[in-house]
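What follows is a short report on a single structure.
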Amino acid sequence: MSEAPHLTFDLEKPGVSKGDLVVPKGADCEALSLPVFSLNKGEGPRLLITGGCHGNELEGPIVARRLIEWLPEAQTCGRIIIVPVLNPPAVQAFTRNTPIDGLNLNRVFPGRADGSATERIADAVSRILLPTADTIFDLHSYGPGWEFPLVNTTHPVADPGLMAKTIRMAEAFKLPMTLIWEHPETPGMFDTLAQNQGKVFICPELGGGEVGAEALAIYEAGVRNGLIALGLVEGKSDYLTFRRQNSVQALETRRSSDELYSPARGIFEPRCSMLDEVKQGDLIGVLYPMDSLTADTIDVLAPGTSIVCGIRSGSYVEVGEFIALLGRPLNR
Ligand SMILES: [Zn+2]
């Protein structure tokens, strides 16, 4: 009988605590220790901040570490728990999925105590960390191969009260874009598990795959704006300048019409940038089939008036691969 997942310290202790979330060993690997920071200032909101769910998205772990250094002098009430790296084997390998079992941590929630490494991490997080918080900031990035603005994403939530609360929280980050993303029914997401328990779940994403100083500064400022909105720290939040814009747009994207897929295999060349406005028939990108020079290049056109939320960088794509995400102003 293996041990149960547990924390190596008492969360109720006032002030700063540092320790580990222990994920028990299983058939495929030894026990994992996920470093956990907690700052308990008594009454107030209960927040959980997580990074490193996907191992090739390093902005989250970096911003989480910066917050750990900053919060002891800034936090005025409530409790913030921070886990910079949810999936240490994936972060160490710089892979989206866990190298031990090949699984995507954000597809196996609530996990299994007797499952493989990724499932055991999800089980420990679901049982030990999730119950401690009313609000979760799960820090992601869109990863390599995409041009994607710094955006807070949320999927539509069935409960209208929770949906409104989630959008308000997402917009409080004052990032360049808030995106309500209609998503295919994807089982096992951390978001869904938390939302089904009535919690506000916020997921910042940033595209590019390269960790740059400017984008990181905006990312961190956005999270701090979120903390101010929750009342956990004092201060005045500001709109963040990104690509010379300091406006915030709330957009929604529909799965049926706003996700564009490659019509053939070949090299995709983007012809517009994120946050561009496009009209029906405007050129989004060009697909060059490389298997034969008799195959014509294919124009990928905008199906309607929309804003480019994210676009694939120049890359070789297979037929049916996701190449662009469009959106339209949120219909409130
Ligand atoms: Zn991710």
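Residue numbering restarts at 1 in every chain; chains get A, B, ... in the order shown in the structure tokens, and ligands count up from 1 in that same order.
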
Please identify every residue of chain A that has at least one atom no farther than 10 Å from an atom of ligand 1, counting only C-alpha atoms and all ligand atoms, and for each give the shortest atom pair and the distance in Å to one decimal, arranged by chain then increasing number, as JSON lines.
{"residue": "A:Gly51", "atom": "CA", "partner": "ligand 1", "partner_atom_place_in_ligand_line": "1 (Zn)", "distance": 8.9}
{"residue": "A:Gly52", "atom": "CA", "partner": "ligand 1", "partner_atom_place_in_ligand_line": "1 (Zn)", "distance": 7.8}
{"residue": "A:Cys53", "atom": "CA", "partner": "ligand 1", "partner_atom_place_in_ligand_line": "1 (Zn)", "distance": 6.3}
{"residue": "A:His54", "atom": "CA", "partner": "ligand 1", "partner_atom_place_in_ligand_line": "1 (Zn)", "distance": 4.9}
{"residue": "A:Gly55", "atom": "CA", "partner": "ligand 1", "partner_atom_place_in_ligand_line": "1 (Zn)", "distance": 8.1}
{"residue": "A:Asn56", "atom": "CA", "partner": "ligand 1", "partner_atom_place_in_ligand_line": "1 (Zn)", "distance": 8.0}
{"residue": "A:Glu57", "atom": "CA", "partner": "ligand 1", "partner_atom_place_in_ligand_line": "1 (Zn)", "distance": 6.3}
{"residue": "A:Leu58", "atom": "CA", "partner": "ligand 1", "partner_atom_place_in_ligand_line": "1 (Zn)", "distance": 9.6}
{"residue": "A:Gly60", "atom": "CA", "partner": "ligand 1", "partner_atom_place_in_ligand_line": "1 (Zn)", "distance": 9.4}
{"residue": "A:Arg96", "atom": "CA", "partner": "ligand 1", "partner_atom_place_in_ligand_line": "1 (Zn)", "distance": 7.4}
{"residue": "A:Asn97", "atom": "CA", "partner": "ligand 1", "partner_atom_place_in_ligand_line": "1 (Zn)", "distance": 9.7}
{"residue": "A:Asn104", "atom": "CA", "partner": "ligand 1", "partner_atom_place_in_ligand_line": "1 (Zn)", "distance": 9.4}
{"residue": "A:Leu105", "atom": "CA", "partner": "ligand 1", "partner_atom_place_in_ligand_line": "1 (Zn)", "distance": 9.3}
{"residue": "A:Asn106", "atom": "CA", "partner": "ligand 1", "partner_atom_place_in_ligand_line": "1 (Zn)", "distance": 7.7}
{"residue": "A:Asp138", "atom": "CA", "partner": "ligand 1", "partner_atom_place_in_ligand_line": "1 (Zn)", "distance": 8.9}
{"residue": "A:Leu139", "atom": "CA", "partner": "ligand 1", "partner_atom_place_in_ligand_line": "1 (Zn)", "distance": 7.7}
{"residue": "A:His140", "atom": "CA", "partner": "ligand 1", "partner_atom_place_in_ligand_line": "1 (Zn)", "distance": 4.4}
{"residue": "A:Ser141", "atom": "CA", "partner": "ligand 1", "partner_atom_place_in_ligand_line": "1 (Zn)", "distance": 5.4}
{"residue": "A:Tyr142", "atom": "CA", "partner": "ligand 1", "partner_atom_place_in_ligand_line": "1 (Zn)", "distance": 6.2}
{"residue": "A:Gly143", "atom": "CA", "partner": "ligand 1", "partner_atom_place_in_ligand_line": "1 (Zn)", "distance": 7.1}
{"residue": "A:Cys203", "atom": "CA", "partner": "ligand 1", "partner_atom_place_in_ligand_line": "1 (Zn)", "distance": 8.9}
{"residue": "A:Pro204", "atom": "CA", "partner": "ligand 1", "partner_atom_place_in_ligand_line": "1 (Zn)", "distance": 9.1}
{"residue": "A:Glu205", "atom": "CA", "partner": "ligand 1", "partner_atom_place_in_ligand_line": "1 (Zn)", "distance": 7.4}
{"residue": "A:Leu206", "atom": "CA", "partner": "ligand 1", "partner_atom_place_in_ligand_line": "1 (Zn)", "distance": 9.3}

Saved selection, atoms kept: N, CA and C atoms, as a PDB file, in the first residue's frame:
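Everything below was put into out-v5.pdb:
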ATOM      1  N   GLY A  51       1.674  26.825 -12.124  1.00  0.00           N
ATOM      2  CA  GLY A  51       2.379  26.952 -13.405  1.00  0.00           C
ATOM      3  C   GLY A  51       2.919  25.593 -13.803  1.00  0.00           C
ATOM      4  N   GLY A  52       3.490  25.525 -14.982  1.00  0.00           N
ATOM      5  CA  GLY A  52       4.200  24.319 -15.385  1.00  0.00           C
ATOM      6  C   GLY A  52       3.336  23.085 -15.512  1.00  0.00           C
ATOM      7  N   CYS A  53       2.063  23.272 -15.858  1.00  0.00           N
ATOM      8  CA  CYS A  53       1.194  22.113 -16.167  1.00  0.00           C
ATOM      9  C   CYS A  53       1.721  21.443 -17.430  1.00  0.00           C
ATOM     10  N   HIS A  54       2.043  22.281 -18.407  1.00  0.00           N
ATOM     11  CA  HIS A  54       2.689  21.809 -19.637  1.00  0.00           C
ATOM     12  C   HIS A  54       4.169  22.213 -19.569  1.00  0.00           C
ATOM     13  N   GLY A  55       5.046  21.256 -19.815  1.00  0.00           N
ATOM     14  CA  GLY A  55       6.459  21.466 -19.532  1.00  0.00           C
ATOM     15  C   GLY A  55       7.182  22.409 -20.469  1.00  0.00           C
ATOM     16  N   ASN A  56       6.583  22.725 -21.627  1.00  0.00           N
ATOM     17  CA  ASN A  56       7.264  23.638 -22.553  1.00  0.00           C
ATOM     18  C   ASN A  56       6.650  25.037 -22.508  1.00  0.00           C
ATOM     19  N   GLU A  57       6.042  25.386 -21.366  1.00  0.00           N
ATOM     20  CA  GLU A  57       5.451  26.715 -21.177  1.00  0.00           C
ATOM     21  C   GLU A  57       6.067  27.298 -19.906  1.00  0.00           C
ATOM     22  N   LEU A  58       7.144  28.042 -20.072  1.00  0.00           N
ATOM     23  CA  LEU A  58       7.961  28.396 -18.913  1.00  0.00           C
ATOM     24  C   LEU A  58       7.629  29.754 -18.311  1.00  0.00           C
ATOM     25  N   GLY A  60       4.866  30.699 -16.920  1.00  0.00           N
ATOM     26  CA  GLY A  60       4.132  30.472 -15.674  1.00  0.00           C
ATOM     27  C   GLY A  60       5.061  30.217 -14.497  1.00  0.00           C
ATOM     28  N   ARG A  96       5.524  19.180 -23.649  1.00  0.00           N
ATOM     29  CA  ARG A  96       4.144  19.459 -23.251  1.00  0.00           C
ATOM     30  C   ARG A  96       3.621  18.355 -22.341  1.00  0.00           C
ATOM     31  N   ASN A  97       3.836  17.125 -22.756  1.00  0.00           N
ATOM     32  CA  ASN A  97       3.331  15.983 -21.997  1.00  0.00           C
ATOM     33  C   ASN A  97       4.417  15.430 -21.073  1.00  0.00           C
ATOM     34  N   ASN A 104      -0.901  14.100 -21.178  1.00  0.00           N
ATOM     35  CA  ASN A 104      -1.083  15.539 -21.019  1.00  0.00           C
ATOM     36  C   ASN A 104      -1.786  15.763 -19.675  1.00  0.00           C
ATOM     37  N   LEU A 105      -1.092  16.418 -18.737  1.00  0.00           N
ATOM     38  CA  LEU A 105      -1.659  16.604 -17.389  1.00  0.00           C
ATOM     39  C   LEU A 105      -3.021  17.289 -17.442  1.00  0.00           C
ATOM     40  N   ASN A 106      -3.188  18.197 -18.401  1.00  0.00           N
ATOM     41  CA  ASN A 106      -4.466  18.920 -18.467  1.00  0.00           C
ATOM     42  C   ASN A 106      -5.555  18.139 -19.199  1.00  0.00           C
ATOM     43  N   ASP A 138      -4.231  29.483 -13.362  1.00  0.00           N
ATOM     44  CA  ASP A 138      -3.395  28.413 -13.906  1.00  0.00           C
ATOM     45  C   ASP A 138      -2.601  29.000 -15.073  1.00  0.00           C
ATOM     46  N   LEU A 139      -1.311  29.217 -14.858  1.00  0.00           N
ATOM     47  CA  LEU A 139      -0.502  30.015 -15.785  1.00  0.00           C
ATOM     48  C   LEU A 139       0.044  29.147 -16.919  1.00  0.00           C
ATOM     49  N   HIS A 140      -0.484  29.381 -18.104  1.00  0.00           N
ATOM     50  CA  HIS A 140      -0.049  28.637 -19.301  1.00  0.00           C
ATOM     51  C   HIS A 140       0.603  29.579 -20.304  1.00  0.00           C
ATOM     52  N   SER A 141       1.078  29.004 -21.419  1.00  0.00           N
ATOM     53  CA  SER A 141       1.481  29.769 -22.588  1.00  0.00           C
ATOM     54  C   SER A 141       0.968  28.974 -23.789  1.00  0.00           C
ATOM     55  N   TYR A 142       0.837  29.677 -24.923  1.00  0.00           N
ATOM     56  CA  TYR A 142       0.304  28.936 -26.053  1.00  0.00           C
ATOM     57  C   TYR A 142       1.349  28.006 -26.657  1.00  0.00           C
ATOM     58  N   GLY A 143       2.606  28.250 -26.302  1.00  0.00           N
ATOM     59  CA  GLY A 143       3.641  27.313 -26.715  1.00  0.00           C
ATOM     60  C   GLY A 143       4.248  27.643 -28.065  1.00  0.00           C
ATOM     61  N   CYS A 203      -7.132  31.321 -16.904  1.00  0.00           N
ATOM     62  CA  CYS A 203      -6.012  30.687 -17.607  1.00  0.00           C
ATOM     63  C   CYS A 203      -5.380  31.675 -18.586  1.00  0.00           C
ATOM     64  N   PRO A 204      -4.289  32.343 -18.182  1.00  0.00           N
ATOM     65  CA  PRO A 204      -3.579  33.183 -19.151  1.00  0.00           C
ATOM     66  C   PRO A 204      -2.788  32.317 -20.134  1.00  0.00           C
ATOM     67  N   GLU A 205      -2.759  32.757 -21.374  1.00  0.00           N
ATOM     68  CA  GLU A 205      -1.988  32.064 -22.410  1.00  0.00           C
ATOM     69  C   GLU A 205      -1.167  33.118 -23.144  1.00  0.00           C
ATOM     70  N   LEU A 206       0.011  32.714 -23.600  1.00  0.00           N
ATOM     71  CA  LEU A 206       0.863  33.619 -24.349  1.00  0.00           C
ATOM     72  C   LEU A 206       1.572  32.803 -25.412  1.00  0.00           C
TER      73      LEU A 206
END

Please report as CSV every residue of range 190-242 of chain A lying within 12 Å of range 114-132 of chain A, along with the nearest atom pair and their distance in Å (one decimal), using only C-alpha atoms.
residue,atom,partner,partner_atom,distance
A:Phe190,CA,A:Ala122,CA,8.4
A:Asp191,CA,A:Leu130,CA,10.9
A:Thr192,CA,A:Ser126,CA,11.7
A:Leu193,CA,A:Ser126,CA,8.3
A:Ala194,CA,A:Leu130,CA,7.3
A:Gln195,CA,A:Leu130,CA,10.9
A:Asn196,CA,A:Leu130,CA,11.8
A:Gln197,CA,A:Pro131,CA,9.1
A:Gly198,CA,A:Pro131,CA,11.1
A:Lys199,CA,A:Leu130,CA,9.3
A:Val200,CA,A:Leu130,CA,11.4
A:Phe201,CA,A:Leu130,CA,10.9

>> I need the helix (DSSP H, G or I) residues of range 72-189 of chain A per DSSP on the backbone, written as an MDAnalysis selection string.
In response: chainID A and resid 72:74 88:93 105:107 117:132 160:172

Just-selected residues, C-alpha atoms written as a PDB file, in the first residue's frame:
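So result06.pdb came out as:
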ATOM      1  CA  PRO A  72       5.604  38.675   1.503  1.00  0.00           C
ATOM      2  CA  GLU A  73       5.831  42.471   1.363  1.00  0.00           C
ATOM      3  CA  ALA A  74       2.682  42.984  -0.732  1.00  0.00           C
ATOM      4  CA  PRO A  88       8.363  18.590 -12.860  1.00  0.00           C
ATOM      5  CA  PRO A  89       9.287  15.743 -15.260  1.00  0.00           C
ATOM      6  CA  ALA A  90       7.701  17.628 -18.194  1.00  0.00           C
ATOM      7  CA  VAL A  91       9.348  20.965 -17.293  1.00  0.00           C
ATOM      8  CA  GLN A  92      12.743  19.284 -16.913  1.00  0.00           C
ATOM      9  CA  ALA A  93      12.308  17.693 -20.350  1.00  0.00           C
ATOM     10  CA  LEU A 105      -1.659  16.604 -17.389  1.00  0.00           C
ATOM     11  CA  ASN A 106      -4.466  18.920 -18.467  1.00  0.00           C
ATOM     12  CA  ARG A 107      -6.433  15.962 -19.870  1.00  0.00           C
ATOM     13  CA  ALA A 117       2.743   9.438 -12.965  1.00  0.00           C
ATOM     14  CA  THR A 118       0.620  12.122 -14.658  1.00  0.00           C
ATOM     15  CA  GLU A 119      -2.597  10.702 -13.209  1.00  0.00           C
ATOM     16  CA  ARG A 120      -1.061  10.615  -9.723  1.00  0.00           C
ATOM     17  CA  ILE A 121      -0.037  14.289 -10.014  1.00  0.00           C
ATOM     18  CA  ALA A 122      -3.601  15.212 -11.042  1.00  0.00           C
ATOM     19  CA  ASP A 123      -5.003  13.143  -8.165  1.00  0.00           C
ATOM     20  CA  ALA A 124      -2.748  14.901  -5.616  1.00  0.00           C
ATOM     21  CA  VAL A 125      -3.601  18.362  -6.981  1.00  0.00           C
ATOM     22  CA  SER A 126      -7.345  17.584  -7.074  1.00  0.00           C
ATOM     23  CA  ARG A 127      -7.471  16.189  -3.562  1.00  0.00           C
ATOM     24  CA  ILE A 128      -4.953  18.344  -1.682  1.00  0.00           C
ATOM     25  CA  LEU A 129      -4.659  21.720  -3.439  1.00  0.00           C
ATOM     26  CA  LEU A 130      -7.928  22.389  -5.260  1.00  0.00           C
ATOM     27  CA  PRO A 131     -10.102  22.271  -2.093  1.00  0.00           C
ATOM     28  CA  THR A 132      -7.947  25.047  -0.557  1.00  0.00           C
ATOM     29  CA  PRO A 160     -24.344  32.108 -15.850  1.00  0.00           C
ATOM     30  CA  GLY A 161     -23.372  33.531 -12.449  1.00  0.00           C
ATOM     31  CA  LEU A 162     -20.015  31.768 -12.482  1.00  0.00           C
ATOM     32  CA  MET A 163     -19.500  32.711 -16.145  1.00  0.00           C
ATOM     33  CA  ALA A 164     -20.024  36.421 -15.377  1.00  0.00           C
ATOM     34  CA  LYS A 165     -17.739  36.225 -12.333  1.00  0.00           C
ATOM     35  CA  THR A 166     -15.071  34.446 -14.394  1.00  0.00           C
ATOM     36  CA  ILE A 167     -15.197  37.037 -17.197  1.00  0.00           C
ATOM     37  CA  ARG A 168     -14.972  39.880 -14.646  1.00  0.00           C
ATOM     38  CA  MET A 169     -11.915  38.275 -13.066  1.00  0.00           C
ATOM     39  CA  ALA A 170     -10.321  37.579 -16.464  1.00  0.00           C
ATOM     40  CA  GLU A 171     -10.815  41.183 -17.585  1.00  0.00           C
ATOM     41  CA  ALA A 172      -9.356  42.493 -14.306  1.00  0.00           C
TER      42      ALA A 172
END

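Between CA of Ala295 in chain A and CA of Ser262 in chain A lies a distance of 14.9 Å.
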
Select from range 112-201 of chain A every residue with an atom at most 10 Å from any atom of range 324-327 of chain A, then for each give the shortest pair of atoms and their distance in Å to one decimal, using only C-alpha atoms, rows by chain and rising number, as JSON lines.
{"residue": "A:Trp146", "atom": "CA", "partner": "A:Ala324", "partner_atom": "CA", "distance": 8.9}
{"residue": "A:Glu147", "atom": "CA", "partner": "A:Ala324", "partner_atom": "CA", "distance": 9.4}
{"residue": "A:Phe148", "atom": "CA", "partner": "A:Leu325", "partner_atom": "CA", "distance": 9.3}
{"residue": "A:Leu179", "atom": "CA", "partner": "A:Gly327", "partner_atom": "CA", "distance": 8.1}
{"residue": "A:Ile180", "atom": "CA", "partner": "A:Gly327", "partner_atom": "CA", "distance": 9.0}
{"residue": "A:Trp181", "atom": "CA", "partner": "A:Gly327", "partner_atom": "CA", "distance": 8.8}

Output of the above residues as a CSV table (one decimal), in the first residue's frame, restricted to N, CA and C atoms:
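Printed below is result.csv as written:
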chain,number,residue,atom,x,y,z
A,146,TRP,N,3.3,29.4,-32.5
A,146,TRP,CA,2.1,30.2,-32.7
A,146,TRP,C,2.5,31.7,-32.3
A,147,GLU,N,1.8,32.6,-33.0
A,147,GLU,CA,1.8,34.0,-32.6
A,147,GLU,C,0.4,34.2,-31.9
A,148,PHE,N,0.5,34.5,-30.7
A,148,PHE,CA,-0.7,34.6,-29.8
A,148,PHE,C,-0.5,35.7,-28.8
A,179,LEU,N,-10.5,36.1,-23.9
A,179,LEU,CA,-11.1,35.3,-25.0
A,179,LEU,C,-12.0,34.2,-24.4
A,180,ILE,N,-13.3,34.2,-24.8
A,180,ILE,CA,-14.2,33.1,-24.4
A,180,ILE,C,-14.2,32.1,-25.5
A,181,TRP,N,-13.6,31.0,-25.2
A,181,TRP,CA,-13.2,30.0,-26.2
A,181,TRP,C,-14.1,28.8,-26.2

> Where does DSSP see strand (DSSP E or B) in range 58-226 of chain A, if you list the residues as a ChimeraX atom specification?
Replying inline: /A:75,78-83,135-139,143-144,146-147,151-154,177-181,200-205,207-208

Store the residues picked out above in a file with N, CA and C atoms, as an mmCIF file, in the first residue's frame.
data_model
loop_
_atom_site.group_PDB
_atom_site.id
_atom_site.type_symbol
_atom_site.label_atom_id
_atom_site.label_comp_id
_atom_site.auth_asym_id
_atom_site.auth_seq_id
_atom_site.Cartn_x
_atom_site.Cartn_y
_atom_site.Cartn_z
ATOM 1 N N GLN A 75 1.235 41.205 0.089
ATOM 2 C CA GLN A 75 -0.079 40.612 0.379
ATOM 3 C C GLN A 75 -0.614 41.126 1.711
ATOM 4 N N GLY A 78 -5.992 37.248 3.335
ATOM 5 C CA GLY A 78 -6.293 36.015 2.615
ATOM 6 C C GLY A 78 -5.137 35.028 2.555
ATOM 7 N N ARG A 79 -5.293 34.039 1.713
ATOM 8 C CA ARG A 79 -4.233 33.023 1.577
ATOM 9 C C ARG A 79 -3.951 32.746 0.099
ATOM 10 N N ILE A 80 -2.681 32.793 -0.249
ATOM 11 C CA ILE A 80 -2.255 32.467 -1.612
ATOM 12 C C ILE A 80 -1.321 31.263 -1.540
ATOM 13 N N ILE A 81 -1.656 30.243 -2.303
ATOM 14 C CA ILE A 81 -0.798 29.069 -2.422
ATOM 15 C C ILE A 81 -0.246 29.065 -3.848
ATOM 16 N N ILE A 82 1.056 28.887 -3.981
ATOM 17 C CA ILE A 82 1.675 28.902 -5.310
ATOM 18 C C ILE A 82 2.457 27.612 -5.535
ATOM 19 N N VAL A 83 2.178 26.978 -6.669
ATOM 20 C CA VAL A 83 2.953 25.821 -7.102
ATOM 21 C C VAL A 83 3.541 26.189 -8.466
ATOM 22 N N THR A 135 -10.482 30.529 -5.996
ATOM 23 C CA THR A 135 -10.063 31.068 -7.296
ATOM 24 C C THR A 135 -8.743 30.415 -7.678
ATOM 25 N N ILE A 136 -8.610 30.086 -8.952
ATOM 26 C CA ILE A 136 -7.376 29.467 -9.443
ATOM 27 C C ILE A 136 -6.858 30.280 -10.622
ATOM 28 N N PHE A 137 -5.575 30.643 -10.580
ATOM 29 C CA PHE A 137 -4.882 31.185 -11.752
ATOM 30 C C PHE A 137 -3.942 30.079 -12.236
ATOM 31 N N ASP A 138 -4.231 29.483 -13.362
ATOM 32 C CA ASP A 138 -3.395 28.413 -13.906
ATOM 33 C C ASP A 138 -2.601 29.000 -15.073
ATOM 34 N N LEU A 139 -1.311 29.217 -14.858
ATOM 35 C CA LEU A 139 -0.502 30.015 -15.785
ATOM 36 C C LEU A 139 0.044 29.147 -16.919
ATOM 37 N N GLY A 143 2.606 28.250 -26.302
ATOM 38 C CA GLY A 143 3.641 27.313 -26.715
ATOM 39 C C GLY A 143 4.248 27.643 -28.065
ATOM 40 N N PRO A 144 5.245 26.872 -28.469
ATOM 41 C CA PRO A 144 5.993 27.153 -29.687
ATOM 42 C C PRO A 144 5.128 27.061 -30.940
ATOM 43 N N TRP A 146 3.311 29.384 -32.522
ATOM 44 C CA TRP A 146 2.135 30.242 -32.673
ATOM 45 C C TRP A 146 2.458 31.676 -32.319
ATOM 46 N N GLU A 147 1.789 32.597 -33.020
ATOM 47 C CA GLU A 147 1.792 33.981 -32.610
ATOM 48 C C GLU A 147 0.443 34.215 -31.932
ATOM 49 N N VAL A 151 -3.245 36.627 -23.415
ATOM 50 C CA VAL A 151 -4.704 36.604 -23.366
ATOM 51 C C VAL A 151 -5.163 35.771 -22.179
ATOM 52 N N ASN A 152 -6.216 36.210 -21.523
ATOM 53 C CA ASN A 152 -6.847 35.355 -20.528
ATOM 54 C C ASN A 152 -7.952 34.586 -21.223
ATOM 55 N N THR A 153 -7.884 33.274 -21.150
ATOM 56 C CA THR A 153 -8.899 32.476 -21.822
ATOM 57 C C THR A 153 -9.809 31.824 -20.781
ATOM 58 N N THR A 154 -11.048 31.668 -21.175
ATOM 59 C CA THR A 154 -11.943 30.824 -20.396
ATOM 60 C C THR A 154 -12.869 30.146 -21.388
ATOM 61 N N MET A 177 -6.179 40.930 -24.391
ATOM 62 C CA MET A 177 -7.370 40.230 -24.873
ATOM 63 C C MET A 177 -7.915 39.288 -23.804
ATOM 64 N N THR A 178 -9.242 39.239 -23.721
ATOM 65 C CA THR A 178 -9.917 38.212 -22.932
ATOM 66 C C THR A 178 -10.707 37.386 -23.939
ATOM 67 N N LEU A 179 -10.536 36.099 -23.902
ATOM 68 C CA LEU A 179 -11.132 35.271 -24.952
ATOM 69 C C LEU A 179 -12.021 34.183 -24.350
ATOM 70 N N ILE A 180 -13.292 34.204 -24.773
ATOM 71 C CA ILE A 180 -14.215 33.137 -24.369
ATOM 72 C C ILE A 180 -14.188 32.108 -25.491
ATOM 73 N N TRP A 181 -13.575 31.014 -25.201
ATOM 74 C CA TRP A 181 -13.205 30.041 -26.237
ATOM 75 C C TRP A 181 -14.132 28.833 -26.168
ATOM 76 N N VAL A 200 -13.773 30.013 -9.560
ATOM 77 C CA VAL A 200 -13.372 30.875 -10.678
ATOM 78 C C VAL A 200 -12.007 30.396 -11.167
ATOM 79 N N PHE A 201 -11.930 30.057 -12.447
ATOM 80 C CA PHE A 201 -10.699 29.508 -13.011
ATOM 81 C C PHE A 201 -10.229 30.415 -14.140
ATOM 82 N N ILE A 202 -9.005 30.930 -14.002
ATOM 83 C CA ILE A 202 -8.457 31.868 -14.979
ATOM 84 C C ILE A 202 -7.209 31.258 -15.595
ATOM 85 N N CYS A 203 -7.132 31.321 -16.904
ATOM 86 C CA CYS A 203 -6.012 30.687 -17.607
ATOM 87 C C CYS A 203 -5.380 31.675 -18.586
ATOM 88 N N PRO A 204 -4.289 32.343 -18.182
ATOM 89 C CA PRO A 204 -3.579 33.183 -19.151
ATOM 90 C C PRO A 204 -2.788 32.317 -20.134
ATOM 91 N N GLU A 205 -2.759 32.757 -21.374
ATOM 92 C CA GLU A 205 -1.988 32.064 -22.410
ATOM 93 C C GLU A 205 -1.167 33.118 -23.144
ATOM 94 N N GLY A 207 1.524 33.287 -26.631
ATOM 95 C CA GLY A 207 2.095 32.494 -27.717
ATOM 96 C C GLY A 207 3.542 32.806 -27.983
ATOM 97 N N GLY A 208 4.167 31.990 -28.792
ATOM 98 C CA GLY A 208 5.524 32.269 -29.236
ATOM 99 C C GLY A 208 6.524 31.202 -28.854
#

> A:Leu283, A:Ala221, A:Met189, A:Ala133: which is nearest Arg66 in chain A, counting only C-alpha atoms?
Replying inline: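 Answer, going by the shortest atom-to-atom distance: A:Ala221.
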
>> Under the rule that only C-alpha atoms are counted, which of A:Pro303, A:Glu321, A:Pro149, A:Leu240 is the nearest residue to Ser273 in chain A?
In response: A:Pro149

>> Env of Cys77 in chain A: 9 Å cut, atoms = only C-alpha atoms, seq-sep filter 3 positions within chain, self excluded. Answer as a PyMOL selection string.
In response: chain A and resi 40-45+231-233
